[in-house]
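One structure below.
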Amino acid sequence: MRFPSLQPFTRDNFRVDLIEEDFRNRVWEKGSKVDWQQVCDCPCGTTSTVGGNTSSVRDFPLDCPLCFGRGKVYTDPQEITVMMTSSSSSEEVYNVWGEFSSGTVYITFLPENLPLEWDKIVLKEGSRLYSESRIRKNTIEPLRYPIIKRKIVSGSESSSTTPVESEVGVTLCYRGIDRGISSTIPLVEGVDFSVTADGRIDWTLGVTSGKAPKVGERYSVRYFSRPVFVVRDFPYVRRDFYEEVRRELVYQNYPIKVLAVLEHLGAFTTQNPPPGESP
Ligand SMILES: [Zn+2]
């Protein structure tokens, strides 16, 4: 059975168009600065043919200089302004406890910044904690995300009424030692390692004192970084329409709102490796 859409009786003021200038003003007033990286499929990879049948699945070589085996290429970051709203915070909670975002957000792009699924967005005016463990390869090496320094005002150990300002990047660090077990002694930023200006971990201090994990040993860190999101939508402007008088398709300058998730919750790692290094 078919159920045709019921047309309203009155078609006056049928189209409620966006006032683009108002929207732009709003974005520049309340929006967030983000770094936007556009995605494109990588043309690398080979398919195998067996008995005249060619596989439809490509193997992406890990040494592809464009995608490092990810199958997707990202442009260099471009700073743009977007509207970002959490999909998980209710206004009531916001009013009482403050703003928060969990794994998903809505991002509204200006009409000239049309997004595509898997585009990457780095929130430049935010911070979040992330934890990971990895095997040490070098003296100075990147983590999954660049470490950022965050100012925190707290009480002190001796007085809860005297504010103390500190600036931290790595809040916890542990080191694995022989036989795959861990040392019980935590490593401390500024004592056992430092953080470079571009957010990499620098083991020079710990190498000198002998407390750094050796090359090939595992370590874990809990640190501040910028929130990184990937677009998980296939957004497009649905309201382009055929102009009868001019007899042409008119493209509309509407903003695009998409759902995005934190990058580490996405289906694959979309990190761009630093120059000269594989991820
Ligand atoms: Zn490739």
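Residues in the structure tokens are numbered from 1 in each chain, the chains being A, B, ... in the order shown, and ligands are numbered from 1 in the order shown.
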Name the residues, by chain letter and number, that sit within 10 Å of ligand 1 using only C-alpha atoms and all ligand atoms, and give them as a list in words. Asp41, Cys42, Pro43, Cys44, Gly45, Asp59, Phe60, Pro61, Leu62, Asp63, Cys64, Pro65, Leu66, Cys67, Phe68, Gly69, Arg70, Gly71, Lys72 and Val73 of chain A
Any chance you can output those residues with C-alpha atoms as a PDB file, in the first residue's frame?
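File written: again.pdb
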ATOM      1  CA  ASP A  41      40.379   7.675  -1.063  1.00  0.00           C
ATOM      2  CA  CYS A  42      43.975   6.675  -1.797  1.00  0.00           C
ATOM      3  CA  PRO A  43      44.553   5.189  -5.264  1.00  0.00           C
ATOM      4  CA  CYS A  44      47.220   2.785  -3.957  1.00  0.00           C
ATOM      5  CA  GLY A  45      46.776  -0.949  -3.503  1.00  0.00           C
ATOM      6  CA  ASP A  59      45.351  -4.407  -0.047  1.00  0.00           C
ATOM      7  CA  PHE A  60      46.773  -1.044   0.915  1.00  0.00           C
ATOM      8  CA  PRO A  61      50.565  -1.237   1.197  1.00  0.00           C
ATOM      9  CA  LEU A  62      51.968  -0.016   4.522  1.00  0.00           C
ATOM     10  CA  ASP A  63      54.756   1.804   2.692  1.00  0.00           C
ATOM     11  CA  CYS A  64      52.407   3.934   0.552  1.00  0.00           C
ATOM     12  CA  PRO A  65      53.858   7.436   1.071  1.00  0.00           C
ATOM     13  CA  LEU A  66      50.439   9.041   0.700  1.00  0.00           C
ATOM     14  CA  CYS A  67      48.275   6.998   3.102  1.00  0.00           C
ATOM     15  CA  PHE A  68      50.671   4.700   5.033  1.00  0.00           C
ATOM     16  CA  GLY A  69      48.378   1.732   4.427  1.00  0.00           C
ATOM     17  CA  ARG A  70      45.203   3.480   5.656  1.00  0.00           C
ATOM     18  CA  GLY A  71      43.610   3.652   2.219  1.00  0.00           C
ATOM     19  CA  LYS A  72      42.609   7.255   2.844  1.00  0.00           C
ATOM     20  CA  VAL A  73      44.447  10.513   2.269  1.00  0.00           C
TER      21      VAL A  73
END
I want to know what sits within 7 Å of Leu123 in chain A, based on only C-alpha atoms, with residues of the same chain fewer than 3 positions away left out; could you give that as a list in words? Lys33, Val34, Asp35, Gly126, Arg226, Pro227 and Val228 of chain A
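The gap separating CA of Gly103 in chain A from CA of Pro77 in chain A is 21.8 Å, in Å to one decimal.
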Residues of range 126-165 of chain A that have any atom at most 10 Å from an atom of range 171-186 of chain A: could you tabulate them with the shortest-distance atom pair and the distance in Å to one decimal, using only C-alpha atoms, ordered by chain and increasing number, as CSV?
residue,atom,partner,partner_atom,distance
A:Leu129,CA,A:Thr171,CA,9.0
A:Ser131,CA,A:Leu172,CA,8.9
A:Glu132,CA,A:Cys173,CA,9.9
A:Ser133,CA,A:Tyr174,CA,9.0
A:Arg134,CA,A:Gly176,CA,9.9
A:Ile135,CA,A:Gly176,CA,9.2
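The space between CA of Ile121 in chain A and CA of Met84 in chain A spans 10.7 Å.
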